[in-house]
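Text of entry_17.cif, listed as mmCIF, C-alpha atoms and all ligand atoms:
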```cif
data_work
#
loop_
_atom_site.group_PDB
_atom_site.id
_atom_site.type_symbol
_atom_site.label_atom_id
_atom_site.label_comp_id
_atom_site.auth_asym_id
_atom_site.auth_seq_id
_atom_site.Cartn_x
_atom_site.Cartn_y
_atom_site.Cartn_z
ATOM 1 C CA MET A 7 112.885 214.216 125.461
ATOM 2 C CA PRO A 8 113.689 211.266 127.759
ATOM 3 C CA ARG A 9 117.402 210.535 128.076
ATOM 4 C CA THR A 10 119.486 207.685 129.440
ATOM 5 C CA ALA A 11 121.085 208.792 132.696
ATOM 6 C CA LEU A 12 123.671 207.158 134.932
ATOM 7 C CA VAL A 13 124.033 208.387 138.517
ATOM 8 C CA LEU A 14 127.205 207.137 140.176
ATOM 9 C CA GLY A 15 126.581 206.507 143.866
ATOM 10 C CA GLY A 16 122.839 206.669 143.331
ATOM 11 C CA ASN A 17 121.655 204.329 146.059
ATOM 12 C CA ARG A 18 121.362 206.880 148.894
ATOM 13 C CA GLY A 19 121.757 210.519 149.869
ATOM 14 C CA ILE A 20 122.156 213.155 147.167
ATOM 15 C CA GLY A 21 122.658 210.555 144.413
ATOM 16 C CA LEU A 22 119.362 208.832 145.178
ATOM 17 C CA ALA A 23 117.487 212.168 145.219
ATOM 18 C CA VAL A 24 119.035 212.997 141.823
ATOM 19 C CA ALA A 25 118.113 209.589 140.395
ATOM 20 C CA ARG A 26 114.502 209.912 141.560
ATOM 21 C CA ARG A 27 114.242 213.450 140.190
ATOM 22 C CA LEU A 28 115.552 212.406 136.757
ATOM 23 C CA ALA A 29 113.260 209.362 136.732
ATOM 24 C CA ASP A 30 110.284 211.604 137.615
ATOM 25 C CA ARG A 31 110.944 213.764 134.557
ATOM 26 C CA GLY A 32 110.941 210.648 132.402
ATOM 27 C CA ASP A 33 114.607 209.782 131.959
ATOM 28 C CA ARG A 34 115.719 206.148 131.829
ATOM 29 C CA VAL A 35 117.826 206.095 134.977
ATOM 30 C CA ALA A 36 120.539 203.702 136.110
ATOM 31 C CA VAL A 37 122.181 204.050 139.501
ATOM 32 C CA SER A 38 125.463 202.559 140.551
ATOM 33 C CA HIS A 39 125.640 201.073 144.017
ATOM 34 C CA ARG A 40 128.792 199.775 145.660
ATOM 35 C CA THR A 41 127.033 198.024 148.537
ATOM 36 C CA GLY A 42 123.563 196.608 149.268
ATOM 37 C CA GLU A 43 120.683 196.447 146.840
ATOM 38 C CA PRO A 44 119.625 199.056 144.257
ATOM 39 C CA PRO A 45 116.826 201.370 145.402
ATOM 40 C CA GLU A 46 113.290 200.198 144.668
ATOM 41 C CA GLY A 47 112.065 201.032 141.187
ATOM 42 C CA LEU A 48 115.472 202.023 139.776
ATOM 43 C CA PHE A 49 117.789 199.998 137.555
ATOM 44 C CA GLY A 50 120.978 199.305 139.514
ATOM 45 C CA VAL A 51 124.482 198.324 138.485
ATOM 46 C CA ARG A 52 126.866 197.267 141.214
ATOM 47 C CA CYS A 53 130.285 198.834 141.001
ATOM 48 C CA ASP A 54 133.039 200.414 143.013
ATOM 49 C CA VAL A 55 134.102 203.534 141.114
ATOM 50 C CA THR A 56 137.749 202.928 142.015
ATOM 51 C CA ASP A 57 137.685 199.623 140.087
ATOM 52 C CA PRO A 58 138.069 200.329 136.336
ATOM 53 C CA GLU A 59 136.920 196.838 135.279
ATOM 54 C CA ALA A 60 133.764 197.054 137.384
ATOM 55 C CA VAL A 61 133.005 200.461 135.865
ATOM 56 C CA THR A 62 133.456 199.118 132.316
ATOM 57 C CA ALA A 63 131.105 196.220 133.109
ATOM 58 C CA ALA A 64 128.559 198.641 134.626
ATOM 59 C CA TYR A 65 128.559 200.789 131.471
ATOM 60 C CA ALA A 66 128.037 197.666 129.344
ATOM 61 C CA ARG A 67 125.009 196.649 131.475
ATOM 62 C CA VAL A 68 123.492 200.140 131.258
ATOM 63 C CA LYS A 69 123.954 200.247 127.475
ATOM 64 C CA GLU A 70 122.357 196.823 127.105
ATOM 65 C CA GLU A 71 119.320 197.689 129.247
ATOM 66 C CA LEU A 72 118.769 201.422 128.681
ATOM 67 C CA GLY A 73 121.017 202.552 125.801
ATOM 68 C CA PRO A 74 124.180 204.671 125.731
ATOM 69 C CA VAL A 75 124.605 207.108 128.618
ATOM 70 C CA GLU A 76 123.555 210.656 127.640
ATOM 71 C CA VAL A 77 123.469 212.161 131.134
ATOM 72 C CA LEU A 78 126.210 211.342 133.630
ATOM 73 C CA VAL A 79 126.180 212.440 137.263
ATOM 74 C CA VAL A 80 129.494 211.844 139.035
ATOM 75 C CA ASN A 81 128.318 211.810 142.629
ATOM 76 C CA ALA A 82 130.023 208.924 144.459
ATOM 77 C CA GLY A 83 132.236 210.359 147.146
ATOM 78 C CA ILE A 84 133.825 209.766 150.518
ATOM 79 C CA THR A 85 135.406 211.755 153.315
ATOM 80 C CA ARG A 86 138.307 210.658 155.517
ATOM 81 C CA ASP A 87 138.509 213.568 157.970
ATOM 82 C CA ARG A 88 141.658 214.058 160.049
ATOM 83 C CA LEU A 89 143.911 216.941 160.904
ATOM 84 C CA PHE A 90 146.645 217.065 158.285
ATOM 85 C CA VAL A 91 149.339 216.706 160.911
ATOM 86 C CA SER A 92 148.137 213.193 161.765
ATOM 87 C CA MET A 93 146.986 212.159 158.296
ATOM 88 C CA THR A 94 148.475 208.967 156.842
ATOM 89 C CA GLN A 95 149.239 208.405 153.165
ATOM 90 C CA GLU A 96 146.208 206.102 152.972
ATOM 91 C CA ASP A 97 143.914 208.689 154.624
ATOM 92 C CA PHE A 98 145.136 211.310 152.207
ATOM 93 C CA GLU A 99 144.802 209.218 149.071
ATOM 94 C CA ALA A 100 141.435 207.510 149.700
ATOM 95 C CA PRO A 101 139.178 210.529 148.942
ATOM 96 C CA LEU A 102 141.447 211.590 146.099
ATOM 97 C CA HIS A 103 141.064 208.172 144.468
ATOM 98 C CA THR A 104 137.313 207.827 144.951
ATOM 99 C CA ASN A 105 136.339 211.443 144.307
ATOM 100 C CA LEU A 106 138.827 212.564 141.659
ATOM 101 C CA VAL A 107 141.174 209.951 140.157
ATOM 102 C CA SER A 108 138.271 207.591 139.373
ATOM 103 C CA THR A 109 136.873 210.164 136.903
ATOM 104 C CA LEU A 110 139.459 208.879 134.419
ATOM 105 C CA HIS A 111 137.485 205.662 134.010
ATOM 106 C CA THR A 112 134.016 206.838 135.068
ATOM 107 C CA VAL A 113 133.739 209.759 132.652
ATOM 108 C CA LYS A 114 135.678 208.495 129.625
ATOM 109 C CA PRO A 115 133.261 205.690 128.639
ATOM 110 C CA ALA A 116 130.344 208.145 128.535
ATOM 111 C CA LEU A 117 132.153 210.607 126.288
ATOM 112 C CA ARG A 118 132.449 208.473 123.165
ATOM 113 C CA GLY A 119 128.689 207.924 122.882
ATOM 114 C CA MET A 120 127.965 211.566 123.692
ATOM 115 C CA MET A 121 130.392 212.719 121.004
ATOM 116 C CA ARG A 122 128.757 210.410 118.478
ATOM 117 C CA ALA A 123 125.311 211.730 119.418
ATOM 118 C CA ARG A 124 126.611 215.317 119.557
ATOM 119 C CA TRP A 125 124.676 215.697 122.814
ATOM 120 C CA GLY A 126 125.644 215.051 126.406
ATOM 121 C CA ARG A 127 125.350 216.370 129.943
ATOM 122 C CA ILE A 128 127.921 215.736 132.653
ATOM 123 C CA VAL A 129 127.560 217.003 136.213
ATOM 124 C CA LEU A 130 130.309 216.585 138.781
ATOM 125 C CA VAL A 131 129.306 216.812 142.440
ATOM 126 C CA SER A 132 131.955 218.838 144.234
ATOM 127 C CA SER A 133 131.474 220.708 147.531
ATOM 128 C CA THR A 134 131.612 224.237 148.948
ATOM 129 C CA VAL A 135 134.685 223.151 150.902
ATOM 130 C CA ALA A 136 136.551 222.975 147.573
ATOM 131 C CA LEU A 137 136.550 226.769 147.720
ATOM 132 C CA SER A 138 136.306 227.564 151.433
ATOM 133 C CA GLY A 139 138.504 224.792 152.846
ATOM 134 C CA ALA A 140 137.586 223.028 156.090
ATOM 135 C CA VAL A 141 139.486 221.882 159.139
ATOM 136 C CA GLY A 142 140.223 218.146 158.878
ATOM 137 C CA GLN A 143 139.445 218.041 155.159
ATOM 138 C CA THR A 144 142.729 218.800 153.346
ATOM 139 C CA ASN A 145 142.323 215.513 151.452
ATOM 140 C CA TYR A 146 138.607 215.883 150.689
ATOM 141 C CA ALA A 147 138.844 219.595 149.783
ATOM 142 C CA ALA A 148 141.769 218.853 147.444
ATOM 143 C CA SER A 149 139.742 216.156 145.698
ATOM 144 C CA LYS A 150 136.687 218.396 145.339
ATOM 145 C CA ALA A 151 138.736 221.398 144.151
ATOM 146 C CA GLY A 152 140.413 219.046 141.677
ATOM 147 C CA LEU A 153 136.988 218.180 140.276
ATOM 148 C CA ILE A 154 136.407 221.850 139.449
ATOM 149 C CA GLY A 155 139.658 222.150 137.476
ATOM 150 C CA PHE A 156 138.981 218.812 135.830
ATOM 151 C CA GLY A 157 135.428 219.765 134.918
ATOM 152 C CA ARG A 158 136.296 223.141 133.469
ATOM 153 C CA SER A 159 139.118 221.701 131.382
ATOM 154 C CA LEU A 160 136.908 218.916 130.091
ATOM 155 C CA ALA A 161 134.140 221.441 129.374
ATOM 156 C CA LEU A 162 136.541 223.259 127.045
ATOM 157 C CA GLU A 163 137.618 220.041 125.326
ATOM 158 C CA VAL A 164 134.084 218.856 124.533
ATOM 159 C CA ALA A 165 132.168 222.123 124.103
ATOM 160 C CA ARG A 166 132.102 221.849 120.321
ATOM 161 C CA HIS A 167 130.650 218.349 120.544
ATOM 162 C CA GLY A 168 127.392 219.514 122.121
ATOM 163 C CA ILE A 169 128.440 218.202 125.534
ATOM 164 C CA THR A 170 128.211 220.349 128.660
ATOM 165 C CA VAL A 171 130.232 219.745 131.808
ATOM 166 C CA ASN A 172 129.198 221.526 134.978
ATOM 167 C CA VAL A 173 129.911 221.309 138.674
ATOM 168 C CA VAL A 174 127.410 221.435 141.521
ATOM 169 C CA ALA A 175 128.930 222.426 144.852
ATOM 170 C CA PRO A 176 126.552 221.582 147.691
ATOM 171 C CA GLY A 177 126.879 222.922 151.200
ATOM 172 C CA TYR A 178 125.831 220.907 154.245
ATOM 173 C CA THR A 179 123.218 218.468 153.064
ATOM 174 C CA ASP A 180 121.141 216.190 155.230
ATOM 175 C CA THR A 181 122.597 212.760 154.372
ATOM 176 C CA ASP A 182 124.534 209.957 156.086
ATOM 177 C CA MET A 183 127.776 211.824 155.324
ATOM 178 C CA VAL A 184 126.799 214.731 157.583
ATOM 179 C CA ALA A 185 125.041 212.485 160.124
ATOM 180 C CA ALA A 186 128.438 210.843 160.689
ATOM 181 C CA MET A 187 129.866 214.146 162.019
ATOM 182 C CA PRO A 188 130.015 214.757 165.779
ATOM 183 C CA GLU A 189 126.980 216.773 166.975
ATOM 184 C CA ALA A 190 129.118 219.709 168.180
ATOM 185 C CA GLU A 191 130.851 219.982 164.794
ATOM 186 C CA ARG A 192 127.490 219.922 162.997
ATOM 187 C CA THR A 193 126.098 222.678 165.220
ATOM 188 C CA SER A 194 129.096 224.947 164.712
ATOM 189 C CA LEU A 195 129.034 224.371 160.937
ATOM 190 C CA LEU A 196 125.337 225.226 160.769
ATOM 191 C CA ALA A 197 126.070 228.527 162.500
ATOM 192 C CA THR A 198 128.073 229.520 159.397
ATOM 193 C CA VAL A 199 125.117 228.969 157.036
ATOM 194 C CA PRO A 200 123.161 232.186 156.343
ATOM 195 C CA MET A 201 119.977 230.151 155.886
ATOM 196 C CA GLY A 202 120.610 228.431 159.217
ATOM 197 C CA ARG A 203 119.732 224.948 158.012
ATOM 198 C CA MET A 204 121.085 222.080 155.954
ATOM 199 C CA ALA A 205 119.988 221.467 152.383
ATOM 200 C CA ALA A 206 117.603 218.637 151.690
ATOM 201 C CA PRO A 207 119.099 216.212 149.129
ATOM 202 C CA GLU A 208 116.153 217.107 146.854
ATOM 203 C CA GLU A 209 117.331 220.741 146.749
ATOM 204 C CA VAL A 210 120.701 219.647 145.366
ATOM 205 C CA ALA A 211 118.885 217.306 142.966
ATOM 206 C CA GLY A 212 116.961 220.293 141.574
ATOM 207 C CA ALA A 213 120.221 221.968 140.550
ATOM 208 C CA VAL A 214 121.493 218.764 138.933
ATOM 209 C CA ALA A 215 118.181 218.345 137.105
ATOM 210 C CA TYR A 216 118.494 221.843 135.638
ATOM 211 C CA LEU A 217 122.094 221.370 134.496
ATOM 212 C CA THR A 218 121.325 217.987 132.925
ATOM 213 C CA GLY A 219 118.149 219.162 131.210
ATOM 214 C CA GLU A 220 117.373 220.516 127.763
ATOM 215 C CA ASP A 221 117.125 224.087 129.107
ATOM 216 C CA ALA A 222 120.803 224.229 130.124
ATOM 217 C CA GLY A 223 122.198 223.642 126.632
ATOM 218 C CA TYR A 224 124.267 226.857 126.688
ATOM 219 C CA VAL A 225 125.535 226.457 130.273
ATOM 220 C CA THR A 226 128.946 224.841 130.570
ATOM 221 C CA GLY A 227 131.981 225.084 132.835
ATOM 222 C CA THR A 228 129.965 226.631 135.625
ATOM 223 C CA VAL A 229 130.109 225.919 139.347
ATOM 224 C CA LEU A 230 126.628 226.104 140.821
ATOM 225 C CA GLN A 231 126.740 226.516 144.587
ATOM 226 C CA VAL A 232 123.772 225.106 146.463
ATOM 227 C CA ASP A 233 124.858 226.096 149.932
ATOM 228 C CA GLY A 234 122.295 228.318 151.660
ATOM 229 C CA GLY A 235 124.501 231.358 151.098
ATOM 230 C CA VAL A 236 127.792 230.042 152.565
ATOM 231 C CA ALA A 237 129.780 231.090 149.487
ATOM 232 C CA MET A 238 129.004 234.760 150.175
ATOM 233 C CA GLY A 239 131.514 234.457 153.005
ATOM 234 C CA HIS A 240 129.628 236.311 155.771
HETATM 235 P P1 LIG B 1 126.547 209.565 151.276
HETATM 236 O O1 LIG B 1 127.678 209.195 152.166
HETATM 237 O O2 LIG B 1 125.165 209.590 151.788
HETATM 238 O O3 LIG B 1 126.573 208.676 149.940
HETATM 239 C C1 LIG B 1 127.764 208.473 149.246
HETATM 240 C C2 LIG B 1 127.469 207.748 147.971
HETATM 241 O O4 LIG B 1 128.708 207.514 147.293
HETATM 242 C C3 LIG B 1 126.838 206.371 148.228
HETATM 243 O O5 LIG B 1 125.963 206.072 147.186
HETATM 244 C C4 LIG B 1 128.056 205.465 148.185
HETATM 245 O O6 LIG B 1 127.766 204.131 147.855
HETATM 246 C C5 LIG B 1 128.840 206.113 147.070
HETATM 247 N N1 LIG B 1 130.243 205.711 147.068
HETATM 248 C C6 LIG B 1 131.198 206.042 147.957
HETATM 249 N N2 LIG B 1 132.365 205.460 147.615
HETATM 250 C C7 LIG B 1 132.131 204.739 146.497
HETATM 251 C C8 LIG B 1 132.923 203.928 145.660
HETATM 252 N N3 LIG B 1 134.238 203.702 145.897
HETATM 253 N N4 LIG B 1 132.337 203.361 144.581
HETATM 254 C C9 LIG B 1 131.043 203.563 144.311
HETATM 255 N N5 LIG B 1 130.228 204.304 145.066
HETATM 256 C C10 LIG B 1 130.774 204.893 146.146
HETATM 257 O O7 LIG B 1 126.966 210.981 150.692
HETATM 258 P P2 LIG B 1 126.133 212.232 150.177
HETATM 259 O O8 LIG B 1 124.903 211.795 149.504
HETATM 260 O O9 LIG B 1 126.091 213.202 151.266
HETATM 261 O O10 LIG B 1 127.190 212.780 149.118
HETATM 262 C C11 LIG B 1 127.079 212.604 147.728
HETATM 263 C C12 LIG B 1 128.140 213.475 147.078
HETATM 264 O O11 LIG B 1 127.929 214.823 147.473
HETATM 265 C C13 LIG B 1 129.553 213.123 147.514
HETATM 266 O O12 LIG B 1 130.423 213.252 146.424
HETATM 267 C C14 LIG B 1 129.860 214.169 148.569
HETATM 268 O O13 LIG B 1 131.234 214.412 148.664
HETATM 269 C C15 LIG B 1 129.108 215.360 148.027
HETATM 270 N N6 LIG B 1 128.770 216.364 149.010
HETATM 271 C C16 LIG B 1 128.007 216.061 150.116
HETATM 272 C C17 LIG B 1 127.723 217.034 151.025
HETATM 273 C C18 LIG B 1 126.917 216.792 152.254
HETATM 274 O O14 LIG B 1 126.855 217.688 153.111
HETATM 275 N N7 LIG B 1 126.264 215.662 152.411
HETATM 276 C C19 LIG B 1 128.204 218.421 150.863
HETATM 277 C C20 LIG B 1 128.975 218.619 149.661
HETATM 278 C C21 LIG B 1 129.233 217.621 148.786
HETATM 279 P P3 LIG B 1 127.527 203.039 149.056
HETATM 280 O O15 LIG B 1 126.177 203.322 149.638
HETATM 281 O O16 LIG B 1 127.562 201.754 148.341
HETATM 282 O O17 LIG B 1 128.633 203.235 150.042
#
```

What is this file in structure tokens?
Amino acid sequence: MPRTALVLGGNRGIGLAVARRLADRGDRVAVSHRTGEPPEGLFGVRCDVTDPEAVTAAYARVKEELGPVEVLVVNAGITRDRLFVSMTQEDFEAPLHTNLVSTLHTVKPALRGMMRARWGRIVLVSSTVALSGAVGQTNYAASKAGLIGFGRSLALEVARHGITVNVVAPGYTDTDMVAAMPEAERTSLLATVPMGRMAAPEEVAGAVAYLTGEDAGYVTGTVLQVDGGVAMGH
């Protein structure tokens, strides 16, 4: 059954792969984009997820065009890598605001409609570093670990309303975010991946598609790691 889906940060990288995958299975897909134009063939709403008013307006546009949001993918995220010893307040707070604090106004508007419909799927895009930690990522890892606690708590609160909340924790994925890393750092990170390669964004999208689909109706509060085996810790 086709659903209305909103992918936050759906204009590139993992978010775009998710949006295309959901559109391919027949969902009515909206993507939020903070900059530039929406991707070709997808309905776009411009908004910065840290701006509550812009998010409210984006939800109103999606409802008007495609109906109430039934599938929400919280994917927009940033890094601000620095060693903790030289991290400023602003460096520390920026990923926390974008990746975690913004869920207050990005997730809440979807919940009311989902509760009314007694059906909903929420996927939060975290990261393997939420569990493993990473040098230079105290801020980012804290935000992504926070998403896991947030997601599991919300999963408990809404379970009886037919709404599932799950977390996908990707490992190194071939997007602009990883391309921005220095080559030497990328090479040494790849050496820690049992599969010896990065994920393609489409491989992460496959996990999101499963968790947001009809088949995953009894799966909630889980953290699905899509990381080429990194979580095994070898
Ligand atoms: P990209 O840097 O390629 O894309 C980030 C996306 O987030 C863009 O769509 C961007 O929009 C959007 N975004 C960032 N800040 C905001 C904001 N304030 N408001 C609205 N949108 C915003 O990242 P990836 O595709 O690699 O990452 C997607 C998610 O996956 C992130 O949450 C990331 O932390 C997570 N992740 C990525 C991994 C990787 O190796 N790539 C590994 C583990 C997790 P715009 O284009 O307008 O800037």

Could you please extract the residues within 7 Å of ligand LIG 1 (chain B), counting only C-alpha atoms and all ligand atoms, and hand them back as number ranges by chain? A: 14-21, 38-42, 53-56, 81-85, 104-105, 131-134, 175-184

Output check: residues returned by the PyMOL selection byres (((chain A and resi 189-204) around 12) and not hetatm), as a PDB file with C-alpha atoms, in the coordinates of the input:
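Listing of selection-v2.pdb after writing:
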```
ATOM      1  CA  THR A 134     131.612 224.237 148.948  1.00  0.00           C
ATOM      2  CA  VAL A 135     134.685 223.151 150.902  1.00  0.00           C
ATOM      3  CA  SER A 138     136.306 227.564 151.433  1.00  0.00           C
ATOM      4  CA  ALA A 140     137.586 223.028 156.090  1.00  0.00           C
ATOM      5  CA  VAL A 141     139.486 221.882 159.139  1.00  0.00           C
ATOM      6  CA  GLY A 142     140.223 218.146 158.878  1.00  0.00           C
ATOM      7  CA  PRO A 176     126.552 221.582 147.691  1.00  0.00           C
ATOM      8  CA  GLY A 177     126.879 222.922 151.200  1.00  0.00           C
ATOM      9  CA  TYR A 178     125.831 220.907 154.245  1.00  0.00           C
ATOM     10  CA  THR A 179     123.218 218.468 153.064  1.00  0.00           C
ATOM     11  CA  ASP A 180     121.141 216.190 155.230  1.00  0.00           C
ATOM     12  CA  THR A 181     122.597 212.760 154.372  1.00  0.00           C
ATOM     13  CA  MET A 183     127.776 211.824 155.324  1.00  0.00           C
ATOM     14  CA  VAL A 184     126.799 214.731 157.583  1.00  0.00           C
ATOM     15  CA  ALA A 185     125.041 212.485 160.124  1.00  0.00           C
ATOM     16  CA  ALA A 186     128.438 210.843 160.689  1.00  0.00           C
ATOM     17  CA  MET A 187     129.866 214.146 162.019  1.00  0.00           C
ATOM     18  CA  PRO A 188     130.015 214.757 165.779  1.00  0.00           C
ATOM     19  CA  ALA A 205     119.988 221.467 152.383  1.00  0.00           C
ATOM     20  CA  ALA A 206     117.603 218.637 151.690  1.00  0.00           C
ATOM     21  CA  PRO A 207     119.099 216.212 149.129  1.00  0.00           C
ATOM     22  CA  GLU A 208     116.153 217.107 146.854  1.00  0.00           C
ATOM     23  CA  GLU A 209     117.331 220.741 146.749  1.00  0.00           C
ATOM     24  CA  VAL A 210     120.701 219.647 145.366  1.00  0.00           C
ATOM     25  CA  VAL A 232     123.772 225.106 146.463  1.00  0.00           C
ATOM     26  CA  ASP A 233     124.858 226.096 149.932  1.00  0.00           C
ATOM     27  CA  GLY A 234     122.295 228.318 151.660  1.00  0.00           C
ATOM     28  CA  GLY A 235     124.501 231.358 151.098  1.00  0.00           C
ATOM     29  CA  VAL A 236     127.792 230.042 152.565  1.00  0.00           C
ATOM     30  CA  ALA A 237     129.780 231.090 149.487  1.00  0.00           C
ATOM     31  CA  MET A 238     129.004 234.760 150.175  1.00  0.00           C
ATOM     32  CA  GLY A 239     131.514 234.457 153.005  1.00  0.00           C
ATOM     33  CA  HIS A 240     129.628 236.311 155.771  1.00  0.00           C
TER      34      HIS A 240
END
```

May I have a table of the residues of stretch 205-227 of chain A lying at most 9 Å from stretch 147-168 of chain A, giving each one's closest pair of atoms and their distance in Å to one decimal, counting only C-alpha atoms, ordered by chain and ascending residue number, as a Markdown table?
```
| residue | atom | partner | partner_atom | distance |
| --- | --- | --- | --- | --- |
| A:Gly223 | CA | A:Gly168 | CA | 8.0 |
| A:Thr226 | CA | A:Ala161 | CA | 6.3 |
| A:Gly227 | CA | A:Arg158 | CA | 4.8 |
```

Could you save those same residues with C-alpha atoms as a PDB file, keeping the file's coordinate frame?
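Generated output (part.pdb):
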```
ATOM      1  CA  GLY A 223     122.198 223.642 126.632  1.00  0.00           C
ATOM      2  CA  THR A 226     128.946 224.841 130.570  1.00  0.00           C
ATOM      3  CA  GLY A 227     131.981 225.084 132.835  1.00  0.00           C
TER       4      GLY A 227
END
```

Restricting the calculation to only C-alpha atoms, which member of A:Glu99, A:Glu71, A:Glu76, A:Glu59 is positioned closest to A:Pro8?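 Result for the nearest residue to A:Pro8: A:Glu76.
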
Give me the residues near A:Asp87 as a ChimeraX atom specification, where near means some atom within 9 Å (using all atoms listed in the file) and where sequence neighbours in that chain fewer than 4 positions away do not count. /A:93,97,141-146

Hey, can you check how far atom CA of A:Asn172 sits from atom CA of A:Phe90?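 Separation between atom CA of A:Asn172 and atom CA of A:Phe90: 29.5 Å.
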
Using Å and a single decimal, report how far atom CA of A:Val24 sits from atom CA of A:Ala215.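 Computing it gives 7.2 Å between the two atoms.
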
Tell me which of A:Thr218, A:Thr62, A:Thr170, A:Thr94 sits closest to A:Asp33, counting all atoms listed in the file.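 Looking at the shortest contact to A:Asp33, the residue is A:Thr218.
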
Excluding A:Val35 and any residue of its chain fewer than 3 positions from it, enumerate the residues within 12 Å of it, using all atoms listed in the file, and give them as number ranges by chain. A: 8-14, 16-17, 21-32, 38, 44-45, 47-51, 68-69, 71-79

Starting from the sparse input, extend stretch 190-196 of chain A to all heavy atoms and give the output as a short mmCIF file (atom, residue, chain, number, x, y, z; two decimals), keeping the file's coordinate frame.
```cif
data_model
loop_
_atom_site.label_atom_id
_atom_site.label_comp_id
_atom_site.auth_asym_id
_atom_site.auth_seq_id
_atom_site.Cartn_x
_atom_site.Cartn_y
_atom_site.Cartn_z
N ALA A 190 128.59 218.36 167.92
CA ALA A 190 129.12 219.71 168.18
C ALA A 190 129.65 220.33 166.88
O ALA A 190 129.46 221.53 166.63
CB ALA A 190 130.23 219.63 169.22
N GLU A 191 130.29 219.50 166.07
CA GLU A 191 130.85 219.98 164.79
C GLU A 191 129.72 220.42 163.86
O GLU A 191 129.79 221.46 163.21
CB GLU A 191 131.65 218.85 164.15
CG GLU A 191 132.65 219.31 163.13
CD GLU A 191 133.43 218.13 162.54
OE1 GLU A 191 133.82 217.23 163.31
OE2 GLU A 191 133.58 218.11 161.32
N ARG A 192 128.64 219.60 163.86
CA ARG A 192 127.49 219.92 163.00
C ARG A 192 126.87 221.25 163.40
O ARG A 192 126.56 222.10 162.56
CB ARG A 192 126.45 218.81 163.11
CG ARG A 192 126.37 218.00 161.86
CD ARG A 192 125.17 217.14 161.68
NE ARG A 192 124.40 216.78 162.82
CZ ARG A 192 124.47 215.62 163.47
NH1 ARG A 192 125.32 214.71 163.06
NH2 ARG A 192 123.70 215.36 164.49
N THR A 193 126.72 221.45 164.72
CA THR A 193 126.10 222.68 165.22
C THR A 193 126.95 223.89 164.85
O THR A 193 126.44 224.90 164.39
CB THR A 193 125.92 222.60 166.76
OG1 THR A 193 125.25 221.39 167.03
CG2 THR A 193 125.12 223.76 167.30
N SER A 194 128.27 223.77 165.01
CA SER A 194 129.10 224.95 164.71
C SER A 194 129.15 225.20 163.20
O SER A 194 129.22 226.36 162.76
CB SER A 194 130.49 224.82 165.33
OG SER A 194 131.26 223.93 164.60
N LEU A 195 129.07 224.16 162.39
CA LEU A 195 129.03 224.37 160.94
C LEU A 195 127.74 225.07 160.52
O LEU A 195 127.75 225.98 159.69
CB LEU A 195 129.16 223.04 160.20
CG LEU A 195 130.57 222.45 160.14
CD1 LEU A 195 130.54 221.07 159.51
CD2 LEU A 195 131.51 223.36 159.37
N LEU A 196 126.63 224.63 161.13
CA LEU A 196 125.34 225.23 160.77
C LEU A 196 125.29 226.72 161.09
O LEU A 196 124.63 227.48 160.39
CB LEU A 196 124.20 224.51 161.51
CG LEU A 196 123.61 223.31 160.79
CD1 LEU A 196 122.45 222.74 161.58
CD2 LEU A 196 123.15 223.69 159.38
#
```
